[in-house]
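Source file: entry_27.txt; contents: compact mmCIF, C-alpha atoms.
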# COMPACT_ATOMS: atom_id res chain seq x y z
CA MET E 954 -22.39 4.39 20.42
CA THR E 955 -21.94 1.56 17.91
CA ALA E 956 -19.16 -1.01 17.87
CA ALA E 957 -15.55 -0.01 18.46
CA ILE E 958 -13.00 0.24 15.66
CA ASP E 959 -10.34 -2.46 16.05
CA PHE E 960 -6.86 -1.05 15.44
CA TYR E 961 -4.02 -3.55 14.95
CA PHE E 962 -0.47 -2.24 14.80
CA ASP E 963 3.17 -3.08 15.45
CA PHE E 964 5.05 -0.69 17.73
CA THR E 965 7.91 -0.54 15.22
CA SER E 966 5.74 0.27 12.18
CA PRO E 967 6.07 3.85 10.85
CA TYR E 968 2.64 3.72 9.23
CA GLY E 969 1.29 2.24 12.47
CA TYR E 970 2.64 5.24 14.36
CA ILE E 971 1.14 7.70 11.88
CA ALA E 972 -2.23 5.96 12.16
CA ALA E 973 -1.99 5.98 15.96
CA GLU E 974 -1.67 9.77 15.86
CA LYS E 975 -4.88 10.06 13.82
CA ILE E 976 -7.26 7.27 14.78
CA GLU E 977 -8.66 8.54 18.08
CA ALA E 978 -9.83 11.93 16.80
CA PHE E 979 -11.09 10.25 13.63
CA ALA E 980 -13.13 7.69 15.58
CA THR E 981 -14.53 10.32 17.94
CA GLN E 982 -15.78 12.35 14.96
CA HIS E 983 -17.79 9.31 13.93
CA GLY E 984 -19.05 8.43 17.41
CA ARG E 985 -16.83 5.36 17.72
CA SER E 986 -14.28 4.21 20.27
CA VAL E 987 -11.06 2.37 19.36
CA ASN E 988 -9.68 -0.93 20.65
CA TRP E 989 -5.90 -0.99 20.31
CA HIS E 990 -4.19 -4.30 19.56
CA PRO E 991 -0.39 -4.37 19.34
CA VAL E 992 0.84 -7.27 17.19
CA LEU E 993 4.27 -8.63 16.31
CA LEU E 994 4.73 -8.40 12.56
CA GLY E 995 7.85 -10.57 12.69
CA ALA E 996 5.73 -13.63 13.45
CA ILE E 997 3.09 -12.61 10.91
CA PHE E 998 5.68 -12.06 8.16
CA LYS E 999 6.78 -15.68 8.61
CA ILE E 1000 3.31 -16.69 7.45
CA THR E 1001 3.09 -14.23 4.58
CA GLY E 1002 6.70 -14.77 3.51
CA THR E 1003 7.25 -11.02 3.61
CA GLN E 1004 10.38 -9.08 4.55
CA PRO E 1005 10.39 -5.81 6.48
CA LEU E 1006 9.58 -3.07 3.95
CA VAL E 1007 12.90 -1.28 4.18
CA GLU E 1008 14.80 -4.48 3.39
CA ILE E 1009 13.05 -5.10 0.07
CA PRO E 1010 15.07 -4.02 -3.01
CA LEU E 1011 13.66 -0.89 -4.71
CA LYS E 1012 10.65 -0.81 -2.37
CA GLY E 1013 12.87 -0.15 0.64
CA ASN E 1014 14.20 3.16 -0.66
CA TYR E 1015 10.76 4.29 -1.70
CA SER E 1016 9.28 3.33 1.65
CA LYS E 1017 11.71 5.47 3.64
CA ARG E 1018 10.79 8.43 1.49
CA ASP E 1019 7.08 7.68 1.73
CA PHE E 1020 7.09 7.29 5.54
CA ALA E 1021 8.44 10.82 5.94
CA ARG E 1022 6.33 12.35 3.17
CA THR E 1023 3.12 10.73 4.43
CA ALA E 1024 3.86 12.01 7.94
CA ARG E 1025 4.37 15.54 6.57
CA PHE E 1026 1.22 15.20 4.46
CA LEU E 1027 -0.81 14.31 7.55
CA GLY E 1028 0.91 16.81 9.84
CA VAL E 1029 2.52 14.19 12.08
CA PRO E 1030 6.01 14.85 13.53
CA PHE E 1031 8.31 12.03 12.38
CA ASN E 1032 11.99 11.17 12.58
CA PHE E 1033 13.17 7.92 11.07
CA PRO E 1034 14.88 6.04 13.95
CA ALA E 1035 18.60 5.34 13.71
CA ARG E 1036 17.93 1.74 14.75
CA PHE E 1037 15.30 0.24 12.46
CA PRO E 1038 13.63 -2.17 12.51
CA VAL E 1039 13.76 -3.32 16.12
CA SER E 1040 11.52 -5.65 18.12
CA GLY E 1041 8.24 -4.50 19.64
CA VAL E 1042 8.04 -7.47 22.02
CA ALA E 1043 8.95 -5.66 25.26
CA ALA E 1044 6.54 -2.79 24.66
CA SER E 1045 3.77 -5.18 23.61
CA ARG E 1046 4.17 -7.13 26.84
CA VAL E 1047 3.98 -3.97 28.94
CA PHE E 1048 0.90 -2.92 26.95
CA TYR E 1049 -0.97 -6.15 27.64
CA VAL E 1050 -0.14 -6.00 31.35
CA LEU E 1051 -1.50 -2.45 31.53
CA ALA E 1052 -4.55 -3.39 29.46
CA LYS E 1053 -5.67 -5.78 32.20
CA GLN E 1054 -6.07 -2.76 34.49
CA SER E 1055 -7.33 -0.17 32.04
CA HIS E 1056 -7.51 -0.04 28.27
CA GLU E 1057 -7.21 3.75 28.45
CA HIS E 1058 -3.94 3.46 30.37
CA ALA E 1059 -2.65 0.93 27.85
CA LYS E 1060 -3.53 3.28 24.97
CA ALA E 1061 -1.76 6.22 26.60
CA TYR E 1062 1.26 3.97 27.05
CA ALA E 1063 1.13 2.89 23.39
CA GLN E 1064 1.09 6.51 22.26
CA ALA E 1065 4.13 7.24 24.44
CA VAL E 1066 6.00 4.23 23.00
CA PHE E 1067 5.30 5.29 19.42
CA ARG E 1068 6.45 8.86 20.10
CA ALA E 1069 9.56 7.72 21.95
CA TYR E 1070 10.57 5.67 18.91
CA PHE E 1071 9.40 7.79 15.98
CA ARG E 1072 10.03 11.25 17.41
CA GLU E 1073 12.90 10.82 19.86
CA GLY E 1074 14.59 7.76 18.36
CA ARG E 1075 14.69 5.91 21.70
CA ASP E 1076 15.31 2.17 21.42
CA ILE E 1077 11.92 0.81 22.46
CA SER E 1078 13.13 -2.77 21.97
CA SER E 1079 15.05 -2.39 25.23
CA PRO E 1080 12.94 -3.69 28.16
CA ASP E 1081 14.48 -0.89 30.26
CA VAL E 1082 13.18 1.76 27.90
CA ALA E 1083 9.80 0.04 27.61
CA LEU E 1084 9.51 0.03 31.42
CA ASP E 1085 10.81 3.60 31.80
CA LEU E 1086 8.05 4.81 29.49
CA ALA E 1087 5.44 3.15 31.72
CA ALA E 1088 7.08 4.49 34.89
CA ALA E 1089 6.88 8.01 33.40
CA GLN E 1090 3.10 7.50 33.33
CA ALA E 1091 3.08 6.69 37.06
CA HIS E 1092 2.88 2.92 36.67
CA ASP E 1093 4.75 0.67 39.11
CA ARG E 1094 8.01 -0.12 37.32
CA ALA E 1095 9.05 -3.02 39.57
CA ALA E 1096 5.66 -4.71 39.34
CA LEU E 1097 5.66 -4.35 35.56
CA ALA E 1098 9.21 -5.67 35.29
CA ALA E 1099 8.10 -8.82 37.09
CA ALA E 1100 4.83 -9.11 35.17
CA ILE E 1101 6.35 -8.99 31.68
CA ASN E 1102 8.52 -11.97 32.49
CA GLU E 1103 5.64 -14.19 33.60
CA PRO E 1104 5.29 -17.18 31.26
CA LEU E 1105 1.50 -16.77 31.28
CA LEU E 1106 1.83 -13.18 30.09
CA LYS E 1107 4.19 -14.19 27.29
CA GLU E 1108 1.65 -16.84 26.26
CA GLU E 1109 -1.09 -14.24 26.34
CA VAL E 1110 0.82 -11.92 24.01
CA LYS E 1111 1.28 -14.80 21.61
CA ARG E 1112 -2.44 -15.60 21.80
CA HIS E 1113 -3.27 -12.00 20.89
CA ASN E 1114 -0.99 -12.33 17.87
CA ASP E 1115 -2.53 -15.64 16.81
CA HIS E 1116 -5.96 -14.08 17.10
CA ALA E 1117 -4.90 -11.16 14.89
CA ILE E 1118 -3.70 -13.65 12.28
CA GLU E 1119 -7.08 -15.40 12.45
CA VAL E 1120 -8.75 -12.04 11.87
CA GLY E 1121 -6.56 -11.65 8.77
CA VAL E 1122 -4.03 -9.06 9.95
CA PHE E 1123 -0.94 -9.09 7.72
CA GLY E 1124 0.39 -5.54 8.10
CA SER E 1125 0.28 -2.39 10.21
CA PRO E 1126 -1.93 -0.45 10.62
CA TYR E 1127 -4.88 -2.76 10.03
CA PHE E 1128 -8.38 -1.67 11.01
CA VAL E 1129 -11.64 -3.60 11.27
CA ILE E 1130 -14.89 -1.64 11.27
CA ASP E 1131 -18.08 -3.66 11.66
CA GLY E 1132 -16.34 -6.66 10.08
CA GLU E 1133 -14.78 -4.73 7.18
CA PRO E 1134 -10.97 -4.70 7.05
CA PHE E 1135 -8.90 -1.66 6.00
CA TRP E 1136 -5.12 -1.86 5.70
CA GLY E 1137 -2.81 1.15 5.78
CA CYS E 1138 -2.81 4.74 6.96
CA ASP E 1139 -3.93 5.58 3.40
CA ARG E 1140 -7.40 4.09 3.91
CA PHE E 1141 -8.79 6.84 6.14
CA ASP E 1142 -10.72 8.18 3.14
CA GLN E 1143 -12.47 4.86 2.58
CA MET E 1144 -13.04 4.38 6.33
CA GLU E 1145 -14.55 7.86 6.45
CA ARG E 1146 -17.10 7.01 3.78
CA TRP E 1147 -17.82 3.63 5.39
CA LEU E 1148 -18.54 5.23 8.75
CA ALA E 1149 -20.56 8.11 7.30
CA GLN E 1150 -22.65 6.19 4.76
CA GLY E 1151 -22.32 2.52 5.65
CA PRO E 1152 -21.07 -0.19 3.29
CA PHE E 1153 -20.31 0.90 -0.29
CA MET W 790 2.97 23.26 -19.61
CA THR W 791 5.56 21.81 -17.25
CA ALA W 792 7.02 18.32 -17.39
CA ALA W 793 4.84 15.28 -18.03
CA ILE W 794 3.81 12.87 -15.30
CA ASP W 795 5.42 9.47 -15.84
CA PHE W 796 2.92 6.66 -15.28
CA TYR W 797 4.30 3.12 -14.96
CA PHE W 798 1.86 0.22 -14.85
CA ASP W 799 1.41 -3.46 -15.63
CA PHE W 800 -1.54 -4.35 -17.87
CA THR W 801 -2.58 -7.06 -15.43
CA SER W 802 -2.53 -4.86 -12.30
CA PRO W 803 -5.98 -4.00 -10.86
CA TYR W 804 -4.65 -0.87 -9.16
CA GLY W 805 -2.89 0.02 -12.41
CA TYR W 806 -6.22 -0.17 -14.23
CA ILE W 807 -7.95 1.98 -11.61
CA ALA W 808 -5.16 4.57 -11.88
CA ALA W 809 -5.37 4.49 -15.67
CA GLU W 810 -9.03 5.48 -15.45
CA LYS W 811 -8.16 8.50 -13.32
CA ILE W 812 -4.74 9.83 -14.31
CA GLU W 813 -5.55 11.70 -17.53
CA ALA W 814 -8.29 13.90 -16.09
CA PHE W 815 -6.22 14.40 -12.96
CA ALA W 816 -3.17 15.52 -14.93
CA THR W 817 -5.21 17.83 -17.17
CA GLN W 818 -6.62 19.57 -14.07
CA HIS W 819 -3.04 20.39 -13.12
CA GLY W 820 -1.87 21.40 -16.58
CA ARG W 821 0.23 18.29 -17.08
CA SER W 822 0.40 15.58 -19.71
CA VAL W 823 1.04 11.90 -18.97
CA ASN W 824 3.64 9.53 -20.41
CA TRP W 825 2.40 5.96 -20.18
CA HIS W 826 4.94 3.18 -19.59
CA PRO W 827 3.74 -0.42 -19.48
CA VAL W 828 6.10 -2.63 -17.46
CA LEU W 829 6.24 -6.35 -16.71
CA LEU W 830 5.95 -6.84 -12.98
CA GLY W 831 6.93 -10.51 -13.27
CA ALA W 832 10.50 -9.52 -14.08
CA ILE W 833 10.50 -6.79 -11.45
CA PHE W 834 9.18 -9.14 -8.74
CA LYS W 835 12.19 -11.38 -9.35
CA ILE W 836 14.37 -8.50 -8.15
CA THR W 837 12.20 -7.56 -5.18
CA GLY W 838 11.52 -11.17 -4.20
CA THR W 839 7.80 -10.41 -4.21
CA GLN W 840 4.89 -12.66 -5.15
CA PRO W 841 1.77 -11.49 -6.96
CA LEU W 842 -0.48 -9.90 -4.31
CA VAL W 843 -3.31 -12.40 -4.55
CA GLU W 844 -0.93 -15.31 -3.93
CA ILE W 845 0.35 -13.99 -0.59
CA PRO W 846 -1.27 -15.64 2.45
CA LEU W 847 -3.70 -13.32 4.30
CA LYS W 848 -2.80 -10.37 2.06
CA GLY W 849 -4.27 -12.13 -0.97
CA ASN W 850 -7.80 -12.31 0.40
CA TYR W 851 -7.65 -8.72 1.58
CA SER W 852 -6.36 -7.53 -1.78
CA LYS W 853 -9.23 -9.01 -3.75
CA ARG W 854 -11.64 -7.23 -1.44
CA ASP W 855 -9.68 -3.99 -1.63
CA PHE W 856 -9.42 -3.99 -5.45
CA ALA W 857 -13.21 -4.04 -5.75
CA ARG W 858 -13.85 -1.64 -2.86
CA THR W 859 -11.27 0.87 -4.11
CA ALA W 860 -12.83 0.75 -7.58
CA ARG W 861 -16.27 1.41 -6.09
CA PHE W 862 -14.83 4.18 -3.93
CA LEU W 863 -13.38 5.90 -6.99
CA GLY W 864 -16.36 5.19 -9.22
CA VAL W 865 -14.51 2.90 -11.60
CA PRO W 866 -16.36 -0.10 -13.14
CA PHE W 867 -14.47 -3.25 -12.14
CA ASN W 868 -14.92 -6.99 -12.47
CA PHE W 869 -12.23 -9.26 -11.13
CA PRO W 870 -11.13 -11.41 -14.11
CA ALA W 871 -11.73 -15.16 -13.99
CA ARG W 872 -8.14 -15.73 -15.16
CA PHE W 873 -5.78 -13.83 -12.87
CA PRO W 874 -2.93 -13.06 -12.93
CA VAL W 875 -1.99 -13.46 -16.59
CA SER W 876 0.92 -12.07 -18.61
CA GLY W 877 0.92 -8.55 -20.01
CA VAL W 878 3.72 -9.27 -22.48
CA ALA W 879 1.62 -9.40 -25.67
CA ALA W 880 -0.24 -6.18 -24.92
CA SER W 881 2.98 -4.42 -23.88
CA ARG W 882 4.59 -5.35 -27.19
CA VAL W 883 1.63 -4.02 -29.17
CA PHE W 884 1.74 -0.84 -27.06
CA TYR W 885 5.40 -0.16 -27.82
CA VAL W 886 4.90 -0.75 -31.54
CA LEU W 887 2.02 1.74 -31.56
CA ALA W 888 3.99 4.21 -29.43
CA LYS W 889 6.56 4.56 -32.22
CA GLN W 890 3.81 6.04 -34.39
CA SER W 891 1.85 8.01 -31.82
CA HIS W 892 1.89 8.09 -28.05
CA GLU W 893 -1.78 9.10 -28.10
CA HIS W 894 -2.67 6.01 -30.11
CA ALA W 895 -0.68 3.83 -27.71
CA LYS W 896 -2.52 5.37 -24.74
CA ALA W 897 -5.92 4.77 -26.31
CA TYR W 898 -4.85 1.18 -26.91
CA ALA W 899 -3.71 0.78 -23.30
CA GLN W 900 -7.07 2.02 -22.03
CA ALA W 901 -8.83 -0.50 -24.26
CA VAL W 902 -6.62 -3.34 -22.99
CA PHE W 903 -7.30 -2.45 -19.36
CA ARG W 904 -11.05 -2.29 -19.94
CA ALA W 905 -11.08 -5.54 -21.90
CA TYR W 906 -9.42 -7.29 -18.97
CA PHE W 907 -10.95 -5.57 -15.94
CA ARG W 908 -14.45 -4.94 -17.26
CA GLU W 909 -15.08 -7.70 -19.80
CA GLY W 910 -12.74 -10.38 -18.45
CA ARG W 911 -11.12 -10.99 -21.84
CA ASP W 912 -7.82 -12.85 -21.72
CA ILE W 913 -5.41 -10.09 -22.74
CA SER W 914 -2.45 -12.46 -22.39
CA SER W 915 -3.52 -14.02 -25.69
CA PRO W 916 -1.67 -12.38 -28.62
CA ASP W 917 -4.85 -12.79 -30.65
CA VAL W 918 -6.85 -10.75 -28.15
CA ALA W 919 -4.07 -8.16 -27.85
CA LEU W 920 -4.07 -7.77 -31.64
CA ASP W 921 -7.88 -7.75 -31.91
CA LEU W 922 -8.02 -4.84 -29.51
CA ALA W 923 -5.63 -2.87 -31.72
CA ALA W 924 -7.51 -3.83 -34.87
CA ALA W 925 -10.70 -2.51 -33.25
CA GLN W 926 -8.96 0.87 -33.12
CA ALA W 927 -8.27 0.74 -36.86
CA HIS W 928 -4.66 -0.37 -36.61
CA ASP W 929 -3.23 -2.80 -39.17
CA ARG W 930 -3.56 -6.19 -37.49
CA ALA W 931 -1.25 -8.09 -39.85
CA ALA W 932 1.50 -5.48 -39.62
CA LEU W 933 1.27 -5.48 -35.82
CA ALA W 934 1.29 -9.29 -35.69
CA ALA W 935 4.59 -9.24 -37.57
CA ALA W 936 6.03 -6.33 -35.60
CA ILE W 937 5.48 -7.84 -32.14
CA ASN W 938 7.53 -10.87 -33.11
CA GLU W 939 10.56 -8.88 -34.22
CA PRO W 940 13.55 -9.66 -31.99
CA LEU W 941 14.45 -5.95 -31.89
CA LEU W 942 11.00 -5.08 -30.57
CA LYS W 943 11.22 -7.76 -27.89
CA GLU W 944 14.59 -6.31 -26.89
CA GLU W 945 13.09 -2.85 -26.78
CA VAL W 946 10.30 -3.93 -24.43
CA LYS W 947 12.93 -5.45 -22.17
CA ARG W 948 14.93 -2.21 -22.29
CA HIS W 949 11.85 -0.24 -21.22
CA ASN W 950 11.47 -2.61 -18.28
CA ASP W 951 15.12 -2.32 -17.31
CA HIS W 952 14.82 1.45 -17.44
CA ALA W 953 11.78 1.36 -15.17
CA ILE W 954 13.75 -0.71 -12.68
CA GLU W 955 16.55 1.87 -12.82
CA VAL W 956 13.98 4.57 -12.07
CA GLY W 957 12.95 2.53 -9.02
CA VAL W 958 9.64 1.08 -10.17
CA PHE W 959 8.66 -1.92 -8.03
CA GLY W 960 4.87 -1.94 -8.30
CA SER W 961 1.87 -0.70 -10.27
CA PRO W 962 0.80 2.04 -10.58
CA TYR W 963 4.00 4.02 -10.00
CA PHE W 964 4.13 7.70 -10.83
CA VAL W 965 7.05 10.11 -11.09
CA ILE W 966 6.32 13.85 -10.93
CA ASP W 967 9.31 16.15 -11.31
CA GLY W 968 11.56 13.45 -9.89
CA GLU W 969 9.29 12.54 -6.96
CA PRO W 970 7.97 8.95 -6.93
CA PHE W 971 4.44 8.00 -5.84
CA TRP W 972 3.33 4.37 -5.63
CA GLY W 973 -0.28 3.24 -5.66
CA CYS W 974 -3.70 4.50 -6.71
CA ASP W 975 -3.99 5.69 -3.10
CA ARG W 976 -1.44 8.46 -3.56
CA PHE W 977 -3.60 10.81 -5.66
CA ASP W 978 -4.12 12.96 -2.56
CA GLN W 979 -0.39 13.46 -2.08
CA MET W 980 0.17 13.98 -5.82
CA GLU W 981 -2.59 16.58 -5.78
CA ARG W 982 -0.85 18.59 -3.08
CA TRP W 983 2.53 18.18 -4.78
CA LEU W 984 1.18 19.51 -8.06
CA ALA W 985 -0.79 22.33 -6.45
CA GLN W 986 1.80 23.54 -3.93
CA GLY W 987 5.11 22.02 -4.94
CA PRO W 988 7.28 19.83 -2.73
CA PHE W 989 6.07 19.38 0.85
Structure encoded using structure tokens:
Amino acid sequence: MTAAIDFYFDFTSPYGYIAAEKIEAFATQHGRSVNWHPVLLGAIFKITGTQPLVEIPLKGNYSKRDFARTARFLGVPFNFPARFPVSGVAASRVFYVLAKQSHEHAKAYAQAVFRAYFREGRDISSPDVALDLAAAQAHDRAALAAAINEPLLKEEVKRHNDHAIEVGVFGSPYFVIDGEPFWGCDRFDQMERWLAQGPF
Amino acid sequence: MTAAIDFYFDFTSPYGYIAAEKIEAFATQHGRSVNWHPVLLGAIFKITGTQPLVEIPLKGNYSKRDFARTARFLGVPFNFPARFPVSGVAASRVFYVLAKQSHEHAKAYAQAVFRAYFREGRDISSPDVALDLAAAQAHDRAALAAAINEPLLKEEVKRHNDHAIEVGVFGSPYFVIDGEPFWGCDRFDQMERWLAQGPF
């Protein structure tokens, strides 16, 4: 198996969620694994001077329509959350605690967070909800609740974000395949060709 | 034949150029015609608070890579112009003068402008170049040179832009098919399904 696909996303990104529903099967088809990297777009948008999509005049209305249409196009269940956008900090912290034990467990948790927010409309910015979702996967809720408040863990989450910025991540989803970056859940066609035929 | 596809673009937009190379054959396959509408993104970006793509930190570097890769992916010849971005005002004015006579002539002119800029690197922001390109298609250069300086024509170009903003156009290319908006040269797959099967 060749190098893993790096998958950067924000837990509150609709296109990130749609990509998360597709990337594992896609990678498997091409004999690749996937490394998941939650990021916090809020901090990244301070660098790029960008606003959340839905808050941009004209583009905001289009985006809401395109989120739902793109989900239908790709066969992904999607309900636009009543509270949007929210913060992905709590869920990201839980993710990085779980990732120390097992990246597979962290991935399964990430999928549950995305579905809780973009299918059920649960407020994943609440630390209680973020912990409940981990507890539902048989993780130790009390231990996680303590771990996500450790200053060293908070620093670690920030370091992951700073590293993503160094890599060039400015949006969600953002993929890197053998050094080549692909932004958006509308780049699967180009990623497909890249994986099948190599650089083009 | 059912209603035309509305195609909004800026003459200085790389993705607009790529779309322009694809949209006519695509529409014909689906029994549609295309109405071309040059817009001036500079004025639109003032409303959305957006910067030109290549000037946005992180996103700028990615975009330059993605312009070229997307062109290769779609089989469109592309050379990133030495002067970028420039203004599409002169070419837009010539377009709207020609469009009064014949929309087909205006389209052929638009294709020539795009190719001059994104294949040959000619500075299409120069009124001389914009007029030369029309003259090369057997249009009356002196008459056009006078026409593009008419205050009424300048007003008309502004009215076209204001109308595009009312429609919701915030980027290039932007398509409207039977009332449904599609933004980007990466939405041909969704447009294809929409045209083949109707709303989804």
Taking only residues of chain E that have an atom at most 9 Å from an atom of chain W, what is each one's shortest atom pair and its distance in Å to one decimal, using only C-alpha atoms, in chain and number order, as a Markdown table?
| residue | atom | partner | partner_atom | distance |
| --- | --- | --- | --- | --- |
| E:Ile1000 | CA | W:Pro846 | CA | 6.9 |
| E:Thr1001 | CA | W:Pro846 | CA | 5.1 |
| E:Gly1002 | CA | W:Ile845 | CA | 7.6 |
| E:Thr1003 | CA | W:Thr839 | CA | 7.9 |
| E:Ile1009 | CA | W:Thr837 | CA | 5.9 |
| E:Pro1010 | CA | W:Thr837 | CA | 5.0 |
| E:Leu1011 | CA | W:Gly957 | CA | 5.5 |
| E:Lys1012 | CA | W:Phe959 | CA | 6.1 |
| E:Asn1014 | CA | W:Gly957 | CA | 8.5 |
| E:Tyr1015 | CA | W:Pro970 | CA | 7.5 |
| E:Arg1018 | CA | W:Pro970 | CA | 8.9 |
| E:Asp1019 | CA | W:Phe971 | CA | 8.0 |
| E:Arg1022 | CA | W:Phe989 | CA | 7.4 |
| E:Thr1023 | CA | W:Gln979 | CA | 7.9 |
| E:Arg1025 | CA | W:Phe989 | CA | 7.1 |
| E:Phe1026 | CA | W:Gln979 | CA | 7.0 |
| E:Ile1118 | CA | W:Leu847 | CA | 8.0 |
| E:Gly1121 | CA | W:Leu847 | CA | 5.6 |
| E:Val1122 | CA | W:Leu847 | CA | 7.1 |
| E:Phe1123 | CA | W:Lys848 | CA | 6.1 |
| E:Gly1124 | CA | W:Lys848 | CA | 8.4 |
| E:Pro1134 | CA | W:Tyr851 | CA | 7.6 |
| E:Phe1135 | CA | W:Asp855 | CA | 8.0 |
| E:Trp1136 | CA | W:Tyr851 | CA | 8.4 |
| E:Asp1139 | CA | W:Asp975 | CA | 6.5 |
| E:Arg1140 | CA | W:Asp975 | CA | 8.0 |
| E:Gln1143 | CA | W:Phe862 | CA | 7.0 |
| E:Arg1146 | CA | W:Phe862 | CA | 8.5 |
| E:Phe1153 | CA | W:Arg861 | CA | 7.1 |
Contacts of range 874-881 of chain W at 8 Å or less, counting all atoms listed in the file, minus same-chain residues fewer than 5 places along, as a PyMOL selection string?
-> chain W and resi 799-801+827-829+841+899+902+912-916+919-920+937+946
Contacts of Ala927 in chain W within 12 Å, all atoms listed in the file, excl. fewer than 4 positions in-chain, as a list in words =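 My list of contacting residues is Leu887, His894, Ala897, Tyr898, Leu920, Asp921, Leu922, Ala923, Ala931, Ala932 and Leu933 of chain W.
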I need the chosen residues saved as a PDB file, keeping the file's coordinate frame, with C-alpha atoms.
ATOM      1  CA  LEU W 887       2.020   1.740 -31.560  1.00  0.00           C
ATOM      2  CA  HIS W 894      -2.670   6.010 -30.110  1.00  0.00           C
ATOM      3  CA  ALA W 897      -5.920   4.770 -26.310  1.00  0.00           C
ATOM      4  CA  TYR W 898      -4.850   1.180 -26.910  1.00  0.00           C
ATOM      5  CA  LEU W 920      -4.070  -7.770 -31.640  1.00  0.00           C
ATOM      6  CA  ASP W 921      -7.880  -7.750 -31.910  1.00  0.00           C
ATOM      7  CA  LEU W 922      -8.020  -4.840 -29.510  1.00  0.00           C
ATOM      8  CA  ALA W 923      -5.630  -2.870 -31.720  1.00  0.00           C
ATOM      9  CA  ALA W 931      -1.250  -8.090 -39.850  1.00  0.00           C
ATOM     10  CA  ALA W 932       1.500  -5.480 -39.620  1.00  0.00           C
ATOM     11  CA  LEU W 933       1.270  -5.480 -35.820  1.00  0.00           C
TER      12      LEU W 933
END
In Å to one decimal, how far is CA of Ala1052 in chain E from CA of Pro1030 in chain E?
->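 If I compute the distance from CA of Pro1030 in chain E to CA of Ala1052 in chain E, I get 26.4 Å.
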Kindly give the distance, in Å, that separates CA of Asp1115 in chain E and CA of Asn988 in chain E, rounded to a single decimal.
->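 Atom-to-atom, CA of Asp1115 in chain E to CA of Asn988 in chain E, that is 16.8 Å.
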Distance in Å - CA of Lys999 in chain E versus CA of Phe962 in chain E |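 Between these atoms lies a distance of 16.5 Å.
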Extract, using all atoms listed in the file, all DNA, RNA and protein residues at most 6 Å from Tyr797 in chain W, discarding same-chain residues fewer than 2 positions from it, and format them as a list in words.
->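 Returned residues: His826, Pro827, Pro962 and Tyr963 of chain W.
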If we count only C-alpha atoms, what is near Tyr1070 in chain E at a cut-off of 10 Å, once residues fewer than 2 positions away on the same chain are taken out, given as a list in words?
-> Phe964, Thr965, Ser966, Pro967, Tyr970, Phe1031, Asn1032, Phe1033, Pro1034, Ala1035, Arg1036, Phe1037, Val1039, Ala1065, Val1066, Phe1067, Arg1068, Arg1072, Glu1073, Gly1074, Arg1075, Asp1076, Ile1077 and Ser1078 of chain E
Would you mind listing what lies within 7 Å of Arg985 in chain E as number ranges by chain, with all atoms listed in the file counted and same-chain residues fewer than 6 positions away left out?
-> E: 954-958
Selected residue, from W:Ser961, W:Phe907, W:Gln926, W:Ala935, that lies nearest to Ala808 in chain W when counting all atoms listed in the file = W:Ser961
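The smallest atom-to-atom distance between Glu981 in chain W and any of W:Asp929, W:Ala953, W:Ala905, W:Ile966, using all atoms listed in the file, is found for W:Ile966.
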Selected residue of minimal separation from Glu810 in chain W among W:Asn938, W:Gln986, W:Gln900, W:Asn950, counting all atoms listed in the file = W:Gln900
